[in-house]
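The file coords-v3.tsv comes next; it holds TSV, C-alpha atoms and all ligand atoms.
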chain	number	residue	atom	x	y	z
A	1	MET	CA	-122.23	79.85	202.24
A	2	PRO	CA	-118.92	78.35	203.39
A	3	LYS	CA	-118.08	74.99	201.91
A	4	VAL	CA	-118.55	72.12	204.38
A	5	LEU	CA	-117.79	68.41	204.09
A	6	LYS	CA	-118.53	65.69	206.62
A	7	VAL	CA	-116.43	62.53	206.40
A	8	SER	CA	-116.22	59.33	208.36
A	9	SER	CA	-112.86	58.01	209.55
A	10	SER	CA	-112.62	54.30	210.42
A	11	ALA	CA	-110.35	52.40	212.80
A	12	LYS	CA	-108.23	49.36	211.85
A	13	LEU	CA	-107.04	46.18	213.46
A	14	ASN	CA	-103.87	44.27	212.60
A	15	LEU	CA	-104.75	40.60	212.17
A	16	TYR	CA	-101.09	39.79	211.56
A	17	LEU	CA	-97.93	41.80	212.21
A	18	GLU	CA	-94.46	40.38	211.64
A	19	ILE	CA	-91.32	42.49	211.89
A	20	LEU	CA	-88.67	41.62	209.33
A	21	ASP	CA	-85.76	43.89	210.24
A	22	ARG	CA	-84.68	47.26	211.53
A	23	ARG	CA	-83.82	49.80	208.85
A	24	PRO	CA	-81.01	52.37	208.76
A	25	ASP	CA	-83.66	55.13	209.14
A	26	GLY	CA	-84.79	53.65	212.47
A	27	TYR	CA	-88.08	52.27	211.14
A	28	HIS	CA	-88.82	48.56	210.87
A	29	ASN	CA	-89.71	46.63	207.74
A	30	LEU	CA	-92.81	44.66	208.44
A	31	ARG	CA	-95.52	42.54	206.96
A	32	THR	CA	-98.99	43.17	208.27
A	33	VAL	CA	-102.64	42.45	207.49
A	34	PHE	CA	-104.93	45.41	208.08
A	35	GLU	CA	-108.66	45.12	208.61
A	36	ARG	CA	-110.93	48.15	208.54
A	37	ILE	CA	-113.57	48.01	211.27
A	38	SER	CA	-116.90	49.59	212.13
A	39	LEU	CA	-115.62	51.98	214.76
A	40	ASN	CA	-115.24	55.50	213.47
A	41	ASP	CA	-114.62	59.15	214.17
A	42	THR	CA	-116.53	61.82	212.25
A	43	LEU	CA	-114.69	64.78	210.77
A	44	THR	CA	-116.33	67.96	209.56
A	45	LEU	CA	-114.18	70.11	207.28
A	46	LYS	CA	-115.31	73.71	206.91
A	47	GLU	CA	-113.81	76.63	205.01
A	48	ILE	CA	-113.29	79.71	207.19
A	49	ASP	CA	-112.35	83.26	206.28
A	50	SER	CA	-109.32	83.66	208.53
A	51	PRO	CA	-106.29	81.86	207.06
A	52	GLU	CA	-105.48	79.44	209.89
A	53	ILE	CA	-106.12	75.73	210.39
A	54	ARG	CA	-108.27	75.23	213.46
A	55	ILE	CA	-108.91	71.90	215.16
A	56	ILE	CA	-111.93	71.50	217.42
A	57	SER	CA	-112.61	68.26	219.23
A	58	ASP	CA	-114.83	66.81	221.93
A	59	SER	CA	-111.88	64.64	223.04
A	60	LYS	CA	-109.32	65.66	225.64
A	61	ASP	CA	-106.96	62.91	224.46
A	62	ILE	CA	-105.80	64.56	221.24
A	63	PRO	CA	-103.81	67.76	220.71
A	64	CYS	CA	-105.77	70.51	218.95
A	65	ASP	CA	-102.70	72.11	217.35
A	66	SER	CA	-100.00	71.37	214.78
A	67	ARG	CA	-99.08	68.12	216.56
A	68	ASN	CA	-102.37	66.64	215.39
A	69	LEU	CA	-101.92	64.46	212.29
A	70	ALA	CA	-105.15	65.84	210.78
A	71	TYR	CA	-103.68	69.35	211.13
A	72	LYS	CA	-100.46	68.23	209.44
A	73	ALA	CA	-102.41	66.68	206.56
A	74	ALA	CA	-104.30	69.94	205.97
A	75	GLU	CA	-101.12	71.96	206.35
A	76	ILE	CA	-99.14	70.20	203.62
A	77	LEU	CA	-101.98	70.43	201.11
A	78	LYS	CA	-102.64	74.08	201.99
A	79	GLU	CA	-98.98	74.94	201.45
A	80	ASP	CA	-98.43	72.85	198.31
A	81	PHE	CA	-101.54	74.25	196.60
A	82	GLY	CA	-101.28	77.82	197.89
A	83	ILE	CA	-104.77	77.74	199.43
A	84	GLU	CA	-105.42	81.10	201.08
A	85	LYS	CA	-108.61	80.35	202.94
A	86	GLY	CA	-108.49	78.75	206.35
A	87	LEU	CA	-109.98	75.49	207.50
A	88	GLU	CA	-111.82	74.29	210.55
A	89	ILE	CA	-111.59	70.57	211.30
A	90	ARG	CA	-114.11	69.27	213.83
A	91	ILE	CA	-113.21	65.84	215.16
A	92	LYS	CA	-115.89	63.79	216.87
A	93	LYS	CA	-113.73	61.16	218.52
A	94	MET	CA	-114.92	57.61	219.07
A	95	ILE	CA	-111.67	55.73	218.34
A	96	PRO	CA	-109.57	55.39	221.50
A	97	VAL	CA	-106.16	57.10	221.32
A	98	GLY	CA	-102.82	55.28	221.76
A	99	ALA	CA	-104.56	51.94	221.32
A	100	GLY	CA	-103.10	50.61	218.04
A	101	LEU	CA	-106.38	51.27	216.22
A	102	GLY	CA	-104.96	53.84	213.78
A	103	GLY	CA	-107.31	56.68	214.77
A	104	GLY	CA	-104.86	59.52	214.14
A	105	SER	CA	-103.67	57.98	210.87
A	106	SER	CA	-107.24	57.48	209.73
A	107	ASN	CA	-108.12	61.10	210.55
A	108	ALA	CA	-105.13	62.27	208.47
A	109	ALA	CA	-106.22	60.10	205.52
A	110	SER	CA	-109.78	61.44	205.81
A	111	VAL	CA	-108.45	65.01	205.69
A	112	LEU	CA	-106.39	64.23	202.54
A	113	LEU	CA	-109.37	62.59	200.84
A	114	GLY	CA	-111.82	65.26	202.05
A	115	LEU	CA	-109.72	68.26	201.05
A	116	ASN	CA	-109.06	66.71	197.65
A	117	ARG	CA	-112.83	67.08	197.13
A	118	LEU	CA	-113.47	70.31	199.06
A	119	TRP	CA	-110.62	72.18	197.39
A	120	ARG	CA	-111.05	70.33	194.04
A	121	LEU	CA	-107.37	69.45	193.88
A	122	GLY	CA	-107.77	66.58	191.43
A	123	LEU	CA	-105.12	64.48	193.16
A	124	SER	CA	-104.75	60.92	191.92
A	125	ARG	CA	-104.58	58.03	194.36
A	126	GLY	CA	-100.85	57.84	193.71
A	127	ARG	CA	-100.34	61.46	194.78
A	128	LEU	CA	-102.55	60.99	197.85
A	129	LEU	CA	-100.48	57.95	198.81
A	130	GLY	CA	-97.33	60.06	198.53
A	131	TYR	CA	-98.74	62.54	201.06
A	132	ALA	CA	-100.00	59.70	203.25
A	133	ALA	CA	-96.56	58.09	203.49
A	134	ARG	CA	-95.01	61.40	204.57
A	135	LEU	CA	-97.54	61.72	207.40
A	136	GLY	CA	-97.16	58.26	208.94
A	137	SER	CA	-96.75	54.56	208.26
A	138	ASP	CA	-100.43	53.66	208.77
A	139	VAL	CA	-102.02	56.51	206.82
A	140	SER	CA	-101.81	54.83	203.37
A	141	PHE	CA	-104.09	51.93	204.28
A	142	PHE	CA	-106.92	54.39	204.93
A	143	ILE	CA	-106.51	56.00	201.49
A	144	TYR	CA	-107.76	52.72	200.03
A	145	ASN	CA	-111.41	51.94	200.29
A	146	CYS	CA	-110.91	48.29	201.14
A	147	PRO	CA	-111.77	46.07	204.12
A	148	TYR	CA	-108.50	44.08	204.13
A	149	ALA	CA	-105.01	44.84	202.86
A	150	LEU	CA	-101.47	43.59	203.15
A	151	GLY	CA	-98.98	46.25	204.29
A	152	THR	CA	-95.22	45.98	203.72
A	153	SER	CA	-92.12	48.20	203.97
A	154	ARG	CA	-92.92	50.53	206.95
A	155	GLY	CA	-96.55	49.50	206.54
A	156	GLU	CA	-97.19	52.16	203.92
A	157	LYS	CA	-96.94	49.88	200.87
A	158	ILE	CA	-100.46	48.55	200.46
A	159	ARG	CA	-101.91	45.67	198.49
A	160	PRO	CA	-105.69	45.29	198.91
A	161	LEU	CA	-106.66	41.68	199.62
A	162	LYS	CA	-109.52	41.59	197.17
A	163	SER	CA	-110.24	37.88	197.51
A	164	TRP	CA	-110.90	38.25	201.24
A	165	LYS	CA	-114.65	38.57	201.18
A	166	LYS	CA	-115.69	37.33	204.58
A	167	ARG	CA	-116.84	39.88	207.16
A	168	LEU	CA	-115.68	39.22	210.73
A	169	TRP	CA	-117.14	40.13	214.12
A	170	HIS	CA	-114.89	41.11	217.00
A	171	ILE	CA	-114.96	41.97	220.61
A	172	LEU	CA	-112.52	44.81	221.17
A	173	VAL	CA	-111.18	45.77	224.58
A	174	VAL	CA	-109.21	48.94	225.24
A	175	PRO	CA	-107.63	49.29	228.69
A	176	LYS	CA	-106.91	52.74	230.03
A	177	ILE	CA	-103.37	52.75	228.68
A	178	ASN	CA	-101.94	55.04	226.03
A	179	ALA	CA	-99.11	53.02	224.44
A	180	PRO	CA	-96.96	55.29	222.23
A	181	THR	CA	-95.89	53.41	219.09
A	182	LYS	CA	-92.32	54.70	219.22
A	183	GLU	CA	-91.89	53.47	222.77
A	184	ILE	CA	-93.11	49.95	221.95
A	185	TYR	CA	-90.75	49.66	218.99
A	186	ARG	CA	-87.89	50.84	221.20
A	187	GLU	CA	-88.76	48.17	223.75
A	188	PHE	CA	-88.93	45.62	220.93
A	189	ASP	CA	-85.40	46.59	219.83
A	190	LYS	CA	-84.09	46.17	223.38
A	191	GLY	CA	-85.48	42.73	224.04
A	192	ARG	CA	-86.35	41.36	220.63
A	193	GLY	CA	-89.83	40.01	220.24
A	194	LEU	CA	-91.95	37.03	220.85
A	195	ASN	CA	-89.75	33.98	220.48
A	196	VAL	CA	-92.14	31.95	218.38
A	197	LYS	CA	-92.61	31.41	214.70
A	198	ALA	CA	-95.40	33.34	213.07
A	199	GLY	CA	-98.01	31.78	210.81
A	200	THR	CA	-98.22	32.76	207.19
A	201	THR	CA	-100.50	35.18	205.39
A	202	ARG	CA	-100.20	33.50	202.03
A	203	GLY	CA	-103.11	31.78	200.34
A	204	ARG	CA	-106.22	33.22	198.75
A	205	TYR	CA	-108.32	33.25	201.85
A	206	PRO	CA	-106.48	31.77	204.78
A	207	ASN	CA	-108.34	30.81	207.90
A	208	VAL	CA	-108.08	34.05	209.86
A	209	LYS	CA	-107.73	32.20	213.15
A	210	GLU	CA	-104.53	30.66	211.82
A	211	ILE	CA	-102.85	33.91	210.84
A	212	LEU	CA	-103.52	35.84	214.07
A	213	PHE	CA	-100.10	37.00	215.25
A	214	ASN	CA	-98.41	40.16	216.48
A	215	ARG	CA	-94.63	40.30	216.97
A	216	LEU	CA	-94.96	43.45	219.10
A	217	GLU	CA	-97.03	41.76	221.82
A	218	GLU	CA	-94.14	40.72	224.06
A	219	ALA	CA	-92.56	44.18	223.95
A	220	ALA	CA	-95.88	45.83	224.79
A	221	PHE	CA	-96.54	43.30	227.57
A	222	ARG	CA	-93.13	44.00	229.11
A	223	ARG	CA	-93.81	47.74	229.07
A	224	TYR	CA	-97.49	47.48	230.09
A	225	PRO	CA	-98.22	44.23	231.96
A	226	GLN	CA	-101.91	45.19	232.15
A	227	VAL	CA	-102.19	44.60	228.39
A	228	ARG	CA	-101.13	40.98	228.91
A	229	GLU	CA	-103.72	40.76	231.68
A	230	VAL	CA	-106.45	41.90	229.31
A	231	LYS	CA	-105.47	39.19	226.84
A	232	GLU	CA	-105.38	36.54	229.58
A	233	ILE	CA	-108.75	37.52	230.99
A	234	LEU	CA	-110.29	37.36	227.53
A	235	LEU	CA	-108.83	33.89	226.94
A	236	LYS	CA	-109.21	32.28	230.35
A	237	GLU	CA	-112.19	33.96	231.87
A	238	ALA	CA	-114.35	35.26	229.06
A	239	GLY	CA	-113.93	32.02	227.11
A	240	LEU	CA	-112.57	33.50	223.90
A	241	GLU	CA	-110.77	31.02	221.64
A	242	ASN	CA	-108.28	33.65	220.48
A	243	ALA	CA	-107.21	37.16	221.42
A	244	LEU	CA	-104.57	39.44	219.93
A	245	MET	CA	-103.16	42.88	220.54
A	246	SER	CA	-103.64	45.31	217.64
A	247	GLY	CA	-100.66	47.25	216.25
A	248	SER	CA	-98.47	48.50	219.07
A	249	GLY	CA	-101.34	48.23	221.57
A	250	SER	CA	-103.00	48.73	223.94
A	251	ALA	CA	-106.21	47.39	222.36
A	252	VAL	CA	-106.82	43.63	222.39
A	253	PHE	CA	-109.43	41.96	220.19
A	254	GLY	CA	-110.89	38.53	219.65
A	255	LEU	CA	-112.85	36.87	216.87
A	256	VAL	CA	-116.46	36.02	217.65
A	257	ASP	CA	-119.11	34.35	215.47
A	258	SER	CA	-121.76	37.03	215.69
A	259	ARG	CA	-122.73	40.34	217.23
A	260	LYS	CA	-124.77	38.36	219.75
A	261	GLU	CA	-121.75	36.34	220.90
A	262	GLY	CA	-119.70	39.54	221.07
A	263	LEU	CA	-122.29	41.17	223.33
A	264	LYS	CA	-122.40	38.07	225.54
A	265	ILE	CA	-118.63	38.20	226.07
A	266	ALA	CA	-118.76	41.96	226.58
A	267	LYS	CA	-121.19	41.37	229.42
A	268	ARG	CA	-118.85	38.84	231.06
A	269	VAL	CA	-116.07	41.42	231.29
A	270	SER	CA	-118.28	44.41	232.06
A	271	ARG	CA	-117.06	44.54	235.67
A	272	PHE	CA	-113.77	46.04	234.45
A	273	LYS	CA	-115.05	49.58	234.61
A	274	ASP	CA	-111.97	51.25	233.17
A	275	TRP	CA	-112.00	49.12	229.99
A	276	LYS	CA	-113.68	50.44	226.87
A	277	ILE	CA	-115.48	47.54	225.24
A	278	PHE	CA	-116.80	47.46	221.67
A	279	VAL	CA	-118.40	44.86	219.43
A	280	VAL	CA	-117.32	45.68	215.88
A	281	LYS	CA	-117.26	44.13	212.42
A	282	THR	CA	-115.25	44.39	209.22
A	283	LYS	CA	-116.16	47.52	207.30
A	301	LIG	O1	-94.83	56.19	210.96
A	301	LIG	P1	-95.28	56.61	212.32
A	301	LIG	O2	-95.03	58.06	212.58
A	301	LIG	O3	-96.69	56.21	212.61
A	301	LIG	O4	-94.39	55.79	213.34
A	301	LIG	C1	-94.30	56.11	214.69
A	301	LIG	C2	-93.04	55.46	215.26
A	301	LIG	O5	-93.18	54.05	215.26
A	301	LIG	C3	-91.79	55.74	214.46
A	301	LIG	O6	-91.16	56.89	214.91
A	301	LIG	C4	-90.95	54.50	214.73
A	301	LIG	O7	-90.27	54.63	215.96
A	301	LIG	C5	-91.98	53.41	214.89
A	301	LIG	N1	-92.18	52.60	213.68
A	301	LIG	C6	-91.20	51.72	213.27
A	301	LIG	N2	-91.40	50.96	212.16
A	301	LIG	C7	-92.55	51.04	211.46
A	301	LIG	C8	-93.58	51.92	211.86
A	301	LIG	C9	-93.35	52.70	212.98
A	301	LIG	O8	-90.13	51.62	213.90
A	301	LIG	N3	-92.73	50.27	210.38
Will you turn the file into structure tokens for me?
Amino acid sequence: MPKVLKVSSSAKLNLYLEILDRRPDGYHNLRTVFERISLNDTLTLKEIDSPEIRIISDSKDIPCDSRNLAYKAAEILKEDFGIEKGLEIRIKKMIPVGAGLGGGSSNAASVLLGLNRLWRLGLSRGRLLGYAARLGSDVSFFIYNCPYALGTSRGEKIRPLKSWKKRLWHILVVPKINAPTKEIYREFDKGRGLNVKAGTTRGRYPNVKEILFNRLEEAAFRRYPQVREVKEILLKEAGLENALMSGSGSAVFGLVDSRKEGLKIAKRVSRFKDWKIFVVKTK
């Protein structure tokens, strides 16, 4: 029987994202608060006899070749550990792509964690984090099994926020826009960001409403005015007290008190047929 492993791969939101400076390597030093949420893809890893890595997905939005971050994760482990057998990765996609929800990064982390078990590699968390950082800035967060974490440097240096115990409910809206991260950072460099002071993330458990901030919003709004529209509709029409873009967009989320309130607001914006709307909670 071939060895098979099914793993879940969660999305994230950024509750806070401040950019500190641009680095000589082109990346940006930042300070961000990640939250893991209850929206996930499912990955099935299966050993196959032929030596290749094969990606199969129900989604037309992701590449099923070596451009896929899950493929790259499998490829570096396969090479480093001289694994001869091939691997099939089935990706059941629920997390929208190009939305700032970390779907690709999460898939890559799930492959690292899954193959560590499937191939019995015995990699420590430190080693896994090393691989994660090579794959992308957001991959490391998903190596940790924690609901909230502070990310610094490129976002890959993670400190779990263990004292943050509260679980949050959100309404999450994803317009039909694929916002490439690189492009949003480039736009940010051209025009600088939001010209307001950010709140602070210090304190044992700050009031989440007070930290909500994303320095990349203005750049993303300039590039994709529809993302600003989503935020405005959520604030002015749907009656949300707060709304924030996640990561480099295009998803916008708001805090709600309960699943029930989330569903009520979802109903109010249900006429926007090309929006994907989710009610999610901290995971
Ligand atoms: O690390 P990752 O491959 O996810 O980053 C995608 C792009 O986003 C980078 O090529 C870079 O342009 C930009 N980026 C950045 N600073 C970060 C993270 C990402 O400039 N901290």
Protein and nucleic acid residues within 7 Å of ligand LIG 301 (chain A) (all atoms listed in the file) as a PDB file with C-alpha atoms, in the coordinates of the input:
ATOM      1  CA  GLY A  26     -84.790  53.650 212.470  1.00  0.00           C
ATOM      2  CA  TYR A  27     -88.080  52.270 211.140  1.00  0.00           C
ATOM      3  CA  HIS A  28     -88.820  48.560 210.870  1.00  0.00           C
ATOM      4  CA  ASN A  29     -89.710  46.630 207.740  1.00  0.00           C
ATOM      5  CA  LEU A  30     -92.810  44.660 208.440  1.00  0.00           C
ATOM      6  CA  LEU A 135     -97.540  61.720 207.400  1.00  0.00           C
ATOM      7  CA  GLY A 136     -97.160  58.260 208.940  1.00  0.00           C
ATOM      8  CA  SER A 137     -96.750  54.560 208.260  1.00  0.00           C
ATOM      9  CA  ASP A 138    -100.430  53.660 208.770  1.00  0.00           C
ATOM     10  CA  SER A 153     -92.120  48.200 203.970  1.00  0.00           C
ATOM     11  CA  ARG A 154     -92.920  50.530 206.950  1.00  0.00           C
ATOM     12  CA  GLY A 155     -96.550  49.500 206.540  1.00  0.00           C
ATOM     13  CA  THR A 181     -95.890  53.410 219.090  1.00  0.00           C
ATOM     14  CA  LYS A 182     -92.320  54.700 219.220  1.00  0.00           C
ATOM     15  CA  TYR A 185     -90.750  49.660 218.990  1.00  0.00           C
ATOM     16  CA  ARG A 186     -87.890  50.840 221.200  1.00  0.00           C
TER      17      ARG A 186
END
Give one line per residue of region 25-95 of chain A that approaches region 275-280 of chain A to at most 8 Å, naming the two atoms of the closest pair and their distance in Å to one decimal, counting all atoms listed in the file; sort by chain then ascending residue number and deliver it as CSV.
residue,atom,partner,partner_atom,distance
A:Ile37,CA,A:Val280,CA,6.4
A:Ser38,CA,A:Val280,CA,5.4
A:Leu39,CA,A:Val280,CA,6.6
For region 161-242 of chain A versus region 251-260 of chain A, which residues have an atom no more than 7 Å away, and what is each residue's nearest atom pair and distance in Å rounded to one decimal, using only C-alpha atoms, chain-then-number order, as JSON lines?
{"residue": "A:Trp169", "atom": "CA", "partner": "A:Val256", "partner_atom": "CA", "distance": 5.5}
{"residue": "A:His170", "atom": "CA", "partner": "A:Leu255", "partner_atom": "CA", "distance": 4.7}
{"residue": "A:Ile171", "atom": "CA", "partner": "A:Gly254", "partner_atom": "CA", "distance": 5.4}
{"residue": "A:Leu172", "atom": "CA", "partner": "A:Phe253", "partner_atom": "CA", "distance": 4.3}
{"residue": "A:Val173", "atom": "CA", "partner": "A:Val252", "partner_atom": "CA", "distance": 5.3}
{"residue": "A:Val174", "atom": "CA", "partner": "A:Ala251", "partner_atom": "CA", "distance": 4.4}
{"residue": "A:Pro175", "atom": "CA", "partner": "A:Ala251", "partner_atom": "CA", "distance": 6.8}
{"residue": "A:Lys231", "atom": "CA", "partner": "A:Val252", "partner_atom": "CA", "distance": 6.4}
{"residue": "A:Leu240", "atom": "CA", "partner": "A:Gly254", "partner_atom": "CA", "distance": 6.8}
{"residue": "A:Asn242", "atom": "CA", "partner": "A:Gly254", "partner_atom": "CA", "distance": 5.6}
So that each row is one residue of region 65-97 of chain A with an atom at most 9 Å from region 45-61 of chain A, can you give its shortest atom pair and the distance in Å to one decimal, using all atoms listed in the file, rows by chain and rising number, as CSV?
residue,atom,partner,partner_atom,distance
A:Asp65,CA,A:Ile55,CA,6.6
A:Ser66,CA,A:Ile53,CA,8.7
A:Asn68,CA,A:Ile55,CA,8.4
A:Ala70,CA,A:Ile55,CA,8.4
A:Tyr71,CA,A:Ile53,CA,6.9
A:Ala74,CA,A:Ile53,CA,7.5
A:Glu75,CA,A:Ile53,CA,7.5
A:Ile83,CA,A:Pro51,CA,8.8
A:Glu84,CA,A:Pro51,CA,6.1
A:Lys85,CA,A:Pro51,CA,5.0
A:Gly86,CA,A:Pro51,CA,3.9
A:Leu87,CA,A:Glu47,CA,4.7
A:Glu88,CA,A:Arg54,CA,4.7
A:Ile89,CA,A:Leu45,CA,4.8
A:Arg90,CA,A:Ile56,CA,4.8
A:Ile91,CA,A:Ser57,CA,4.8
A:Lys92,CA,A:Asp58,CA,6.0
A:Lys93,CA,A:Ser59,CA,6.0
A:Met94,CA,A:Ser59,CA,8.6
A:Pro96,CA,A:Asp61,CA,8.5
A:Val97,CA,A:Asp61,CA,6.7
Preceding selection exported with C-alpha atoms as a CSV table (one decimal), in the frame of the given file:
chain,number,residue,atom,x,y,z
A,65,ASP,CA,-102.7,72.1,217.4
A,66,SER,CA,-100.0,71.4,214.8
A,68,ASN,CA,-102.4,66.6,215.4
A,70,ALA,CA,-105.2,65.8,210.8
A,71,TYR,CA,-103.7,69.4,211.1
A,74,ALA,CA,-104.3,69.9,206.0
A,75,GLU,CA,-101.1,72.0,206.4
A,83,ILE,CA,-104.8,77.7,199.4
A,84,GLU,CA,-105.4,81.1,201.1
A,85,LYS,CA,-108.6,80.4,202.9
A,86,GLY,CA,-108.5,78.8,206.4
A,87,LEU,CA,-110.0,75.5,207.5
A,88,GLU,CA,-111.8,74.3,210.6
A,89,ILE,CA,-111.6,70.6,211.3
A,90,ARG,CA,-114.1,69.3,213.8
A,91,ILE,CA,-113.2,65.8,215.2
A,92,LYS,CA,-115.9,63.8,216.9
A,93,LYS,CA,-113.7,61.2,218.5
A,94,MET,CA,-114.9,57.6,219.1
A,96,PRO,CA,-109.6,55.4,221.5
A,97,VAL,CA,-106.2,57.1,221.3
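Restricting the calculation to only C-alpha atoms, the smallest distance between Ile62 (chain A) and any of A:Phe213, A:Gly104, A:Pro24, A:Arg125 is found for A:Gly104.
The two atoms in question, CA of Arg22 (chain A) and CA of Asp189 (chain A), are spaced 8.4 Å apart.
Between CA of Glu18 (chain A) and CA of Leu216 (chain A) lies a distance of 8.1 Å.
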Given all atoms listed in the file as the basis, pick out the residue of A:Arg228, A:Lys176, A:Cys64, A:Asn214 nearest to Asp274 (chain A). A:Lys176
Using only C-alpha atoms, find the one residue out of A:Ser106, A:Ser250, A:Asn14, A:Ser140 that sits nearest to Asp41 (chain A). A:Ser106
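Using all atoms listed in the file, the shortest contact distance between Leu15 (chain A) and any of A:Val227, A:Ile265, A:Ile211, A:Leu101 is found at A:Ile211.
When all atoms listed in the file are used to measure the gap to Glu187 (chain A), the shortest distance among A:Asn116, A:Ser163, A:Ser10, A:Ser248 belongs to A:Ser248.
CA of Pro225 (chain A) is positioned 27.5 Å from CA of Asn40 (chain A).
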Using only C-alpha atoms, find the one residue out of A:Leu263, A:Ala179, A:Leu13, A:Leu118 that sits nearest to Leu244 (chain A). A:Leu13
Give as an MDAnalysis selection string every residue, naming chains and numbers as the document does, that has an atom within 12 Å of (-90.5, 41.8, 228.2), counting all atoms listed in the file. chainID A and resid 184 186:195 216:225 228
For Phe141 (chain A), please output as a PyMOL selection string all residues within 8 Å (counting only C-alpha atoms; exclusion window: fewer than 4 positions along the same chain). chain A and resi 34+149+151+156+158
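Neighbours of region 107-109 of chain A closer than or equal to 7 Å, with all atoms listed in the file counted and sequence neighbours fewer than 6 positions away skipped, come out as A:Ser9, A:Leu69, A:Ala70, A:Ala73, A:Ala132, A:Val139, A:Phe142, A:Ile143.
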